[in-house]
Amino acid sequence: MPSRSEPGVAVLSQLPLPLSYRIAMGESEFFVSEANADAVAWLDRWPDWPQPQVLLVGPEGSGKSHLARLFAARVGARIVDPAEHADAEALFHAWNAATIDAPLLMIARRAPREWPHRLPDLASRLAATPLLAIADPDDALLGAVLAKQFADRGLRVPPEVAAYVLTRIERSFAAVSLTVAALDAAALAEGRAVTVPLARDVLEAQFALPLDG
């Protein structure tokens, strides 16, 4: 399972990457913090689970699909992602077919009570399924996600730029993704490096308000 890092230290170094946008999905690119530590610990306990089904719930961009792929590669688990939009009958049969040798890991943004499924037998099974939650990001995780998304896009970004961005954006995974995409697009369009002045311009445009220093 993913290696632990010291708080506040991203697992990614600024490596020269191809210019094409590719997402790194190995263990070294997954950062464990307080926001996801309980979910990681539960998956680490396999096969000593009370049952072979589990739900992993978290906001967009929280790394739940990344974590699920690492787990599936290690134990041969079946993944349903996103589970809340899966066919109810198919999900019902997948739940019944799960075993300790082939566990089922369901990925969703919301808890099952908020899903559109209306199949009573499935609802009762989901209600009895352990639910692992990835919480909103703490500072350490948000910084690691920002570093990873810069690296995925091949952007070499100085630490002061990352610090500037983190103190000025909404504390969410979605905001990180939107901001990194905007910085990448602006740098490419203007032929500029990702610097604090570029970040200031992008954030002022993105949030339509002036930002200090």
# chains A, B, ... in the order shown; residues from 1 in each chain; ligands from 1
$ select_by_dssp --residues "chain A" --states "helix (DSSP H, G or I)" --output "VMD selection string"
chain A and resid 27 to 29 37 to 44 64 to 75 83 to 85 88 to 97 112 to 114 120 to 127 139 to 152 159 to 166 173 to 190 196 to 207
$ write_last_selection --atoms "C-alpha atoms" --output "mmCIF file, in the first residue's frame"
data_model
loop_
_atom_site.group_PDB
_atom_site.id
_atom_site.type_symbol
_atom_site.label_atom_id
_atom_site.label_comp_id
_atom_site.auth_asym_id
_atom_site.auth_seq_id
_atom_site.Cartn_x
_atom_site.Cartn_y
_atom_site.Cartn_z
ATOM 1 C CA GLU A 27 2.272 4.014 -4.940
ATOM 2 C CA SER A 28 4.921 6.722 -4.723
ATOM 3 C CA GLU A 29 2.426 9.271 -6.062
ATOM 4 C CA ALA A 37 -5.429 7.650 6.684
ATOM 5 C CA ASP A 38 -8.436 5.727 8.043
ATOM 6 C CA ALA A 39 -9.418 4.533 4.559
ATOM 7 C CA VAL A 40 -5.848 3.462 3.804
ATOM 8 C CA ALA A 41 -5.592 1.631 7.135
ATOM 9 C CA TRP A 42 -8.798 -0.312 6.442
ATOM 10 C CA LEU A 43 -7.592 -1.403 3.006
ATOM 11 C CA ASP A 44 -4.252 -2.398 4.530
ATOM 12 C CA LYS A 64 -10.135 7.564 -4.201
ATOM 13 C CA SER A 65 -9.818 6.063 -7.705
ATOM 14 C CA HIS A 66 -6.018 6.138 -7.404
ATOM 15 C CA LEU A 67 -6.197 4.357 -4.050
ATOM 16 C CA ALA A 68 -8.677 1.822 -5.426
ATOM 17 C CA ARG A 69 -6.395 0.958 -8.354
ATOM 18 C CA LEU A 70 -3.475 0.391 -6.002
ATOM 19 C CA PHE A 71 -5.614 -1.887 -3.852
ATOM 20 C CA ALA A 72 -6.996 -3.796 -6.842
ATOM 21 C CA ALA A 73 -3.505 -4.354 -8.234
ATOM 22 C CA ARG A 74 -2.390 -5.770 -4.898
ATOM 23 C CA VAL A 75 -5.276 -8.111 -4.120
ATOM 24 C CA ALA A 83 -20.841 3.047 -8.013
ATOM 25 C CA GLU A 84 -23.667 5.543 -7.579
ATOM 26 C CA HIS A 85 -24.208 5.552 -11.349
ATOM 27 C CA ALA A 88 -28.433 -1.404 -9.851
ATOM 28 C CA GLU A 89 -28.977 -5.041 -10.886
ATOM 29 C CA ALA A 90 -25.347 -5.426 -11.963
ATOM 30 C CA LEU A 91 -24.118 -3.893 -8.724
ATOM 31 C CA PHE A 92 -26.414 -6.165 -6.725
ATOM 32 C CA HIS A 93 -24.933 -9.254 -8.419
ATOM 33 C CA ALA A 94 -21.372 -7.921 -8.014
ATOM 34 C CA TRP A 95 -22.015 -7.455 -4.282
ATOM 35 C CA ASN A 96 -23.286 -11.052 -3.991
ATOM 36 C CA ALA A 97 -20.369 -12.437 -6.007
ATOM 37 C CA PRO A 112 -25.493 5.209 -0.688
ATOM 38 C CA ARG A 113 -28.509 6.910 0.902
ATOM 39 C CA GLU A 114 -27.988 9.717 -1.640
ATOM 40 C CA PRO A 120 -34.543 -2.544 -2.043
ATOM 41 C CA ASP A 121 -32.306 -5.630 -1.943
ATOM 42 C CA LEU A 122 -29.313 -3.584 -3.070
ATOM 43 C CA ALA A 123 -30.109 -0.788 -0.626
ATOM 44 C CA SER A 124 -30.153 -3.202 2.295
ATOM 45 C CA ARG A 125 -26.786 -4.658 1.294
ATOM 46 C CA LEU A 126 -25.206 -1.238 0.852
ATOM 47 C CA ALA A 127 -26.513 -0.165 4.243
ATOM 48 C CA ASP A 139 -3.023 21.349 4.295
ATOM 49 C CA ALA A 140 -0.561 18.485 3.847
ATOM 50 C CA LEU A 141 -2.806 16.568 1.470
ATOM 51 C CA LEU A 142 -3.840 19.659 -0.477
ATOM 52 C CA GLY A 143 -0.178 20.539 -1.021
ATOM 53 C CA ALA A 144 0.610 17.007 -2.162
ATOM 54 C CA VAL A 145 -2.318 16.976 -4.592
ATOM 55 C CA LEU A 146 -1.198 20.316 -6.010
ATOM 56 C CA ALA A 147 2.374 19.032 -6.476
ATOM 57 C CA LYS A 148 1.132 15.837 -8.106
ATOM 58 C CA GLN A 149 -1.118 17.654 -10.560
ATOM 59 C CA PHE A 150 1.674 20.018 -11.553
ATOM 60 C CA ALA A 151 3.970 17.018 -12.107
ATOM 61 C CA ASP A 152 1.292 15.103 -14.056
ATOM 62 C CA PRO A 159 7.841 26.043 -4.080
ATOM 63 C CA GLU A 160 6.960 29.707 -3.667
ATOM 64 C CA VAL A 161 4.362 29.423 -6.443
ATOM 65 C CA ALA A 162 2.712 26.434 -4.802
ATOM 66 C CA ALA A 163 2.668 28.270 -1.463
ATOM 67 C CA TYR A 164 1.146 31.357 -3.108
ATOM 68 C CA VAL A 165 -1.598 29.307 -4.751
ATOM 69 C CA LEU A 166 -2.442 27.269 -1.658
ATOM 70 C CA PHE A 173 -9.662 19.086 -4.383
ATOM 71 C CA ALA A 174 -11.837 20.555 -7.130
ATOM 72 C CA ALA A 175 -10.308 24.010 -6.685
ATOM 73 C CA VAL A 176 -6.808 22.544 -7.000
ATOM 74 C CA SER A 177 -7.725 20.813 -10.265
ATOM 75 C CA LEU A 178 -9.324 23.931 -11.745
ATOM 76 C CA THR A 179 -6.416 26.149 -10.735
ATOM 77 C CA VAL A 180 -3.714 23.819 -12.060
ATOM 78 C CA ALA A 181 -5.571 23.483 -15.371
ATOM 79 C CA ALA A 182 -5.909 27.272 -15.616
ATOM 80 C CA LEU A 183 -2.222 27.833 -14.843
ATOM 81 C CA ASP A 184 -1.197 25.209 -17.404
ATOM 82 C CA ALA A 185 -3.405 26.766 -20.076
ATOM 83 C CA ALA A 186 -2.158 30.296 -19.344
ATOM 84 C CA ALA A 187 1.496 29.267 -19.349
ATOM 85 C CA LEU A 188 1.047 27.508 -22.691
ATOM 86 C CA ALA A 189 -0.972 30.306 -24.289
ATOM 87 C CA GLU A 190 1.389 33.062 -23.155
ATOM 88 C CA VAL A 196 3.976 34.013 -8.862
ATOM 89 C CA PRO A 197 3.065 36.849 -11.288
ATOM 90 C CA LEU A 198 1.391 34.370 -13.640
ATOM 91 C CA ALA A 199 -0.425 32.746 -10.730
ATOM 92 C CA ARG A 200 -1.612 36.186 -9.574
ATOM 93 C CA ASP A 201 -2.974 36.966 -13.055
ATOM 94 C CA VAL A 202 -4.721 33.598 -13.331
ATOM 95 C CA LEU A 203 -6.270 33.743 -9.873
ATOM 96 C CA GLU A 204 -7.471 37.317 -10.368
ATOM 97 C CA ALA A 205 -9.146 36.241 -13.602
ATOM 98 C CA GLN A 206 -10.474 33.002 -12.138
ATOM 99 C CA PHE A 207 -12.011 34.577 -9.050
#
$ atom_distance --atom1 "CA of Ala77 (chain A)" --atom2 "CA of Pro103 (chain A)"
4.8 Å
$ atom_distance --atom1 "CA of Trp46 (chain A)" --atom2 "CA of Ile107 (chain A)"
16.9 Å
$ closest_residue --among "A:Val194, A:Val80, A:Leu119, A:Ile100" --to "Val57 (chain A)" --atoms "only C-alpha atoms"
A:Val80
$ select_by_dssp --residues "chain A" --states "strand (DSSP E)" --output "ChimeraX atom specification"
/A:53-57,78-80,104-108,131-133
$ write_last_selection --atoms "C-alpha atoms" --output "compact mmCIF listing (two decimals), in the first residue's frame"
# COMPACT_ATOMS: atom_id res chain seq x y z
CA GLN A 53 -17.36 -5.65 0.21
CA VAL A 54 -16.45 -2.06 1.03
CA LEU A 55 -17.48 1.44 -0.03
CA LEU A 56 -14.94 4.23 -0.53
CA VAL A 57 -16.53 7.68 -0.58
CA ARG A 78 -13.09 -5.78 -8.47
CA ILE A 79 -13.74 -2.02 -8.64
CA VAL A 80 -17.04 -0.33 -9.46
CA LEU A 104 -15.54 -5.69 -4.20
CA LEU A 105 -14.47 -2.07 -3.79
CA MET A 106 -17.18 0.44 -4.71
CA ILE A 107 -16.15 4.07 -5.33
CA ALA A 108 -18.54 6.99 -5.01
CA LEU A 131 -18.07 2.80 4.43
CA LEU A 132 -14.62 4.39 4.20
CA ALA A 133 -14.60 8.16 3.86
$ atom_distance --atom1 "CA of Arg109 (chain A)" --atom2 "CA of Thr129 (chain A)"
15.7 Å
$ closest_residue --among "A:Asp87, A:Asp81, A:Glu170, A:Asp136" --to "Gly58 (chain A)" --atoms "only C-alpha atoms"
A:Asp136
